Amino acid sequence: MAQRFGSLRVYFPNLVFKIIPDARLSKNQAAFRVPLNVNKLDIKDYLTHIYNVNVTDVRTAVFQGKQTVNRYTGQKERTSRTKKAIVTTKEEFEYPQEANVDQDFGGMEVQYEQMRRANKLKGWRIRPSQEMAGLRRKLQAKHEQDKK
């Protein structure tokens, strides 16, 4: 029989746990920003069953939103609350490497899209860069050779 920790059944999780690097934590601890509706048992259940991490302890804290003043109405408002979970594991916790945008997500297309958005905000129409134009020509030439 499988272990049951929390009340939340996780089939295809739609929870987002954001890792927060913190130098003050020990090597077998990690901090996460988690949704407000998730409890300690659900956090342990999620990390154990989805990522195969041996969790020994979970501590959570809910932080108030920051107070701001609406510049249009002058009323005081608060940003949304956040929940932080500090998880203690049996082994040392290793932070995952940052994603390499150029290799993992098609860097040239991402750069082109960022340039297009930046220029759109300025009110100017972007022209395709020389790199993108050259890449398109190469792809079209290769496509024509494949047809022959």
# chains A, B, ... in the order shown; residues from 1 in each chain; ligands from 1
call {"tool": "residues_around", "arguments": {"residues": "Leu47 of chain A", "least_positions_apart": "4", "cutoff": "12 Å", "atoms": "only C-alpha atoms", "output": "CSV table (one decimal) with N, CA and C atoms, in the first residue's frame"}}
result
chain,number,residue,atom,x,y,z
A,5,PHE,N,0.1,11.0,2.9
A,5,PHE,CA,0.5,12.0,3.8
A,5,PHE,C,-0.6,13.1,3.9
A,6,GLY,N,-0.9,13.7,2.8
A,6,GLY,CA,-1.9,14.8,2.8
A,6,GLY,C,-3.2,14.4,2.4
A,10,VAL,N,-2.7,13.8,-5.8
A,10,VAL,CA,-1.9,14.5,-6.8
A,10,VAL,C,-1.9,13.5,-8.0
A,13,PRO,N,-0.3,17.4,-11.2
A,13,PRO,CA,-0.3,18.5,-10.3
A,13,PRO,C,-0.3,19.8,-11.1
A,15,LEU,N,0.1,22.6,-9.3
A,15,LEU,CA,0.7,23.5,-8.2
A,15,LEU,C,2.1,24.0,-8.7
A,16,VAL,N,2.4,25.2,-8.4
A,16,VAL,CA,3.7,25.8,-8.7
A,16,VAL,C,4.4,26.1,-7.4
A,17,PHE,N,5.6,25.4,-7.3
A,17,PHE,CA,6.5,25.6,-6.2
A,17,PHE,C,7.7,26.3,-6.7
A,30,ALA,N,15.6,23.6,2.0
A,30,ALA,CA,15.3,24.4,0.8
A,30,ALA,C,14.0,25.2,1.1
A,32,PHE,N,10.7,27.3,-0.5
A,32,PHE,CA,9.8,27.3,-1.7
A,32,PHE,C,8.8,28.4,-1.4
A,34,VAL,N,5.0,28.8,-2.2
A,34,VAL,CA,3.9,27.8,-2.5
A,34,VAL,C,2.5,28.5,-2.5
A,40,LYS,N,1.0,21.7,5.1
A,40,LYS,CA,2.3,21.0,5.2
A,40,LYS,C,2.3,19.6,4.7
A,41,LEU,N,1.2,18.9,5.0
A,41,LEU,CA,1.1,17.5,4.5
A,41,LEU,C,1.1,17.4,3.0
A,42,ASP,N,0.4,18.3,2.4
A,42,ASP,CA,0.3,18.3,0.9
A,42,ASP,C,1.7,18.6,0.3
A,43,ILE,N,2.5,19.5,1.0
A,43,ILE,CA,3.8,19.9,0.5
A,43,ILE,C,4.7,18.6,0.6
A,51,TYR,N,8.7,14.2,-6.9
A,51,TYR,CA,10.2,14.3,-7.1
A,51,TYR,C,11.0,13.3,-6.4
A,52,ASN,N,10.4,12.4,-5.7
A,52,ASN,CA,11.2,11.4,-4.9
A,52,ASN,C,12.2,12.0,-3.9
A,53,VAL,N,11.8,13.0,-3.2
A,53,VAL,CA,12.6,13.6,-2.2
A,53,VAL,C,12.2,13.1,-0.8
A,54,ASN,N,13.1,12.7,0.0
A,54,ASN,CA,12.8,12.2,1.4
A,54,ASN,C,12.7,13.4,2.3
A,55,VAL,N,11.5,13.8,2.6
A,55,VAL,CA,11.2,15.0,3.4
A,55,VAL,C,11.0,14.6,4.8
A,56,THR,N,11.8,15.3,5.8
A,56,THR,CA,11.7,15.0,7.2
A,56,THR,C,10.9,16.0,7.9
A,57,ASP,N,10.9,17.3,7.5
A,57,ASP,CA,10.2,18.4,8.2
A,57,ASP,C,9.8,19.4,7.2
A,58,VAL,N,8.6,20.0,7.5
A,58,VAL,CA,8.1,21.2,6.7
A,58,VAL,C,7.7,22.2,7.6
A,85,ALA,N,7.5,28.0,2.4
A,85,ALA,CA,7.7,26.7,3.0
A,85,ALA,C,9.2,26.4,3.1
A,87,VAL,N,11.6,23.4,3.7
A,87,VAL,CA,11.6,21.9,3.7
A,87,VAL,C,12.9,21.4,4.1
A,88,THR,N,12.9,20.4,5.1
A,88,THR,CA,14.2,19.7,5.5
A,88,THR,C,14.2,18.3,4.9
A,89,THR,N,15.3,18.0,4.3
A,89,THR,CA,15.4,16.6,3.6
A,89,THR,C,16.4,15.8,4.3
call {"tool": "residues_around", "arguments": {"residues": "Leu36 of chain A", "least_positions_apart": "5", "cutoff": "10 Å", "atoms": "only C-alpha atoms", "output": "list of chain:residue names"}}
result
A:Ala61, A:Val62, A:Arg81, A:Thr82, A:Lys83, A:Lys84
call {"tool": "write_last_selection", "arguments": {"atoms": "all heavy atoms", "output": "PDB file, in the first residue's frame"}}
result
ATOM      1  N   ALA A  61       5.119  29.571   6.564  1.00  0.00           N
ATOM      2  CA  ALA A  61       4.809  30.905   7.088  1.00  0.00           C
ATOM      3  C   ALA A  61       4.068  31.678   6.008  1.00  0.00           C
ATOM      4  O   ALA A  61       4.422  31.616   4.833  1.00  0.00           O
ATOM      5  CB  ALA A  61       6.089  31.638   7.471  1.00  0.00           C
ATOM      6  N   VAL A  62       3.035  32.407   6.428  1.00  0.00           N
ATOM      7  CA  VAL A  62       2.266  33.240   5.513  1.00  0.00           C
ATOM      8  C   VAL A  62       2.672  34.684   5.756  1.00  0.00           C
ATOM      9  O   VAL A  62       2.645  35.166   6.890  1.00  0.00           O
ATOM     10  CB  VAL A  62       0.748  33.062   5.727  1.00  0.00           C
ATOM     11  CG1 VAL A  62      -0.034  33.991   4.809  1.00  0.00           C
ATOM     12  CG2 VAL A  62       0.344  31.628   5.481  1.00  0.00           C
ATOM     13  N   ARG A  81      -1.070  38.158  -0.445  1.00  0.00           N
ATOM     14  CA  ARG A  81      -0.253  37.447   0.543  1.00  0.00           C
ATOM     15  C   ARG A  81       0.539  36.346  -0.146  1.00  0.00           C
ATOM     16  O   ARG A  81       0.160  35.864  -1.212  1.00  0.00           O
ATOM     17  CB  ARG A  81      -1.135  36.825   1.620  1.00  0.00           C
ATOM     18  CG  ARG A  81      -1.919  37.825   2.400  1.00  0.00           C
ATOM     19  CD  ARG A  81      -2.777  37.180   3.453  1.00  0.00           C
ATOM     20  NE  ARG A  81      -3.718  36.245   2.835  1.00  0.00           N
ATOM     21  CZ  ARG A  81      -4.322  35.256   3.489  1.00  0.00           C
ATOM     22  NH1 ARG A  81      -4.100  35.067   4.762  1.00  0.00           N
ATOM     23  NH2 ARG A  81      -5.159  34.457   2.868  1.00  0.00           N
ATOM     24  N   THR A  82       1.635  35.918   0.486  1.00  0.00           N
ATOM     25  CA  THR A  82       2.447  34.819  -0.038  1.00  0.00           C
ATOM     26  C   THR A  82       2.725  33.827   1.077  1.00  0.00           C
ATOM     27  O   THR A  82       2.693  34.177   2.263  1.00  0.00           O
ATOM     28  CB  THR A  82       3.792  35.320  -0.608  1.00  0.00           C
ATOM     29  OG1 THR A  82       4.503  36.001   0.416  1.00  0.00           O
ATOM     30  CG2 THR A  82       3.580  36.222  -1.800  1.00  0.00           C
ATOM     31  N   LYS A  83       2.986  32.594   0.689  1.00  0.00           N
ATOM     32  CA  LYS A  83       3.283  31.537   1.653  1.00  0.00           C
ATOM     33  C   LYS A  83       4.646  30.967   1.333  1.00  0.00           C
ATOM     34  O   LYS A  83       4.945  30.642   0.179  1.00  0.00           O
ATOM     35  CB  LYS A  83       2.222  30.442   1.579  1.00  0.00           C
ATOM     36  CG  LYS A  83       2.324  29.404   2.666  1.00  0.00           C
ATOM     37  CD  LYS A  83       1.127  28.471   2.593  1.00  0.00           C
ATOM     38  CE  LYS A  83       0.958  27.709   3.871  1.00  0.00           C
ATOM     39  NZ  LYS A  83      -0.266  26.898   3.846  1.00  0.00           N
ATOM     40  N   LYS A  84       5.484  30.847   2.361  1.00  0.00           N
ATOM     41  CA  LYS A  84       6.835  30.314   2.202  1.00  0.00           C
ATOM     42  C   LYS A  84       6.926  29.012   2.978  1.00  0.00           C
ATOM     43  O   LYS A  84       6.454  28.928   4.116  1.00  0.00           O
ATOM     44  CB  LYS A  84       7.852  31.318   2.734  1.00  0.00           C
ATOM     45  CG  LYS A  84       9.291  30.885   2.608  1.00  0.00           C
ATOM     46  CD  LYS A  84      10.214  31.964   3.143  1.00  0.00           C
ATOM     47  CE  LYS A  84      11.660  31.567   3.073  1.00  0.00           C
ATOM     48  NZ  LYS A  84      12.537  32.608   3.615  1.00  0.00           N
TER      49      LYS A  84
END
call {"tool": "select_by_dssp", "arguments": {"residues": "segment 11-148 of chain A", "states": "helix (DSSP H, G or I)", "output": "VMD selection string"}}
result
chain A and resid 40 to 51 101 to 104 107 to 122 130 to 147
call {"tool": "select_by_dssp", "arguments": {"residues": "chain A", "states": "strand (DSSP E or B)", "output": "PyMOL selection string"}}
result
chain A and resi 18-20+29-34+55-63+67-69+76-78+82-89
call {"tool": "write_last_selection", "arguments": {"atoms": "N, CA and C atoms", "output": "tab-separated table (two decimals), in the first residue's frame"}}
result
chain	number	residue	atom	x	y	z
A	18	LYS	N	7.91	27.54	-6.29
A	18	LYS	CA	9.04	28.32	-6.77
A	18	LYS	C	10.17	28.21	-5.76
A	19	ILE	N	11.36	27.80	-6.21
A	19	ILE	CA	12.50	27.67	-5.31
A	19	ILE	C	13.05	29.05	-5.00
A	20	ILE	N	13.31	29.29	-3.71
A	20	ILE	CA	13.86	30.56	-3.26
A	20	ILE	C	15.25	30.27	-2.70
A	29	GLN	N	18.29	21.85	3.66
A	29	GLN	CA	17.04	22.59	3.67
A	29	GLN	C	16.87	23.37	2.36
A	30	ALA	N	15.62	23.58	1.99
A	30	ALA	CA	15.30	24.38	0.80
A	30	ALA	C	14.05	25.19	1.10
A	31	ALA	N	13.97	26.39	0.52
A	31	ALA	CA	12.82	27.25	0.70
A	31	ALA	C	12.04	27.32	-0.61
A	32	PHE	N	10.72	27.28	-0.49
A	32	PHE	CA	9.84	27.34	-1.65
A	32	PHE	C	8.75	28.38	-1.42
A	33	ARG	N	8.31	29.04	-2.48
A	33	ARG	CA	7.10	29.86	-2.43
A	33	ARG	C	6.00	28.97	-2.96
A	34	VAL	N	4.96	28.76	-2.16
A	34	VAL	CA	3.90	27.81	-2.48
A	34	VAL	C	2.55	28.52	-2.48
A	55	VAL	N	11.45	13.84	2.58
A	55	VAL	CA	11.20	15.03	3.39
A	55	VAL	C	11.05	14.62	4.84
A	56	THR	N	11.79	15.29	5.75
A	56	THR	CA	11.69	15.00	7.17
A	56	THR	C	10.87	16.03	7.92
A	57	ASP	N	10.90	17.30	7.47
A	57	ASP	CA	10.19	18.35	8.19
A	57	ASP	C	9.76	19.44	7.21
A	58	VAL	N	8.61	20.04	7.48
A	58	VAL	CA	8.11	21.15	6.67
A	58	VAL	C	7.65	22.25	7.62
A	59	ARG	N	8.16	23.45	7.40
A	59	ARG	CA	7.71	24.62	8.16
A	59	ARG	C	7.15	25.63	7.17
A	60	THR	N	6.01	26.23	7.52
A	60	THR	CA	5.40	27.20	6.62
A	60	THR	C	5.16	28.51	7.34
A	61	ALA	N	5.12	29.57	6.56
A	61	ALA	CA	4.81	30.90	7.09
A	61	ALA	C	4.07	31.68	6.01
A	62	VAL	N	3.04	32.41	6.43
A	62	VAL	CA	2.27	33.24	5.51
A	62	VAL	C	2.67	34.68	5.76
A	63	PHE	N	3.07	35.37	4.69
A	63	PHE	CA	3.52	36.75	4.78
A	63	PHE	C	2.46	37.69	4.22
A	67	GLN	N	2.06	47.10	1.68
A	67	GLN	CA	1.08	48.16	1.58
A	67	GLN	C	1.55	49.20	0.56
A	68	THR	N	0.65	49.55	-0.35
A	68	THR	CA	0.95	50.54	-1.37
A	68	THR	C	-0.18	51.56	-1.40
A	69	VAL	N	0.07	52.66	-2.08
A	69	VAL	CA	-0.94	53.69	-2.25
A	69	VAL	C	-1.28	53.76	-3.73
A	76	LYS	N	-5.16	53.33	0.24
A	76	LYS	CA	-4.14	52.34	0.61
A	76	LYS	C	-4.61	50.96	0.18
A	77	GLU	N	-3.70	50.21	-0.42
A	77	GLU	CA	-4.00	48.86	-0.89
A	77	GLU	C	-2.89	47.93	-0.44
A	78	ARG	N	-3.16	46.64	-0.50
A	78	ARG	CA	-2.14	45.64	-0.18
A	78	ARG	C	-1.96	44.70	-1.38
A	82	THR	N	1.64	35.92	0.49
A	82	THR	CA	2.45	34.82	-0.04
A	82	THR	C	2.73	33.83	1.08
A	83	LYS	N	2.99	32.59	0.69
A	83	LYS	CA	3.28	31.54	1.65
A	83	LYS	C	4.65	30.97	1.33
A	84	LYS	N	5.48	30.85	2.36
A	84	LYS	CA	6.84	30.31	2.20
A	84	LYS	C	6.93	29.01	2.98
A	85	ALA	N	7.50	27.99	2.36
A	85	ALA	CA	7.69	26.69	3.01
A	85	ALA	C	9.17	26.38	3.06
A	86	ILE	N	9.67	26.03	4.25
A	86	ILE	CA	11.05	25.59	4.40
A	86	ILE	C	11.01	24.09	4.63
A	87	VAL	N	11.63	23.35	3.72
A	87	VAL	CA	11.57	21.90	3.72
A	87	VAL	C	12.93	21.35	4.12
A	88	THR	N	12.94	20.41	5.07
A	88	THR	CA	14.16	19.74	5.49
A	88	THR	C	14.15	18.34	4.90
A	89	THR	N	15.25	17.96	4.25
A	89	THR	CA	15.36	16.65	3.62
A	89	THR	C	16.43	15.81	4.32
call {"tool": "closest_residue", "arguments": {"among": "A:Ser26, A:Val110, A:His49, A:Arg137", "to": "Glu91 of chain A", "atoms": "only C-alpha atoms"}}
result
A:Ser26
call {"tool": "atom_distance", "arguments": {"atom1": "atom CA of Gln114 of chain A", "atom2": "atom CA of Asn70 of chain A"}}
result
29.7 Å
call {"tool": "closest_residue", "arguments": {"among": "A:Asp22, A:Glu92, A:Gln64, A:Met115", "to": "Thr79 of chain A", "atoms": "only C-alpha atoms"}}
result
A:Gln64
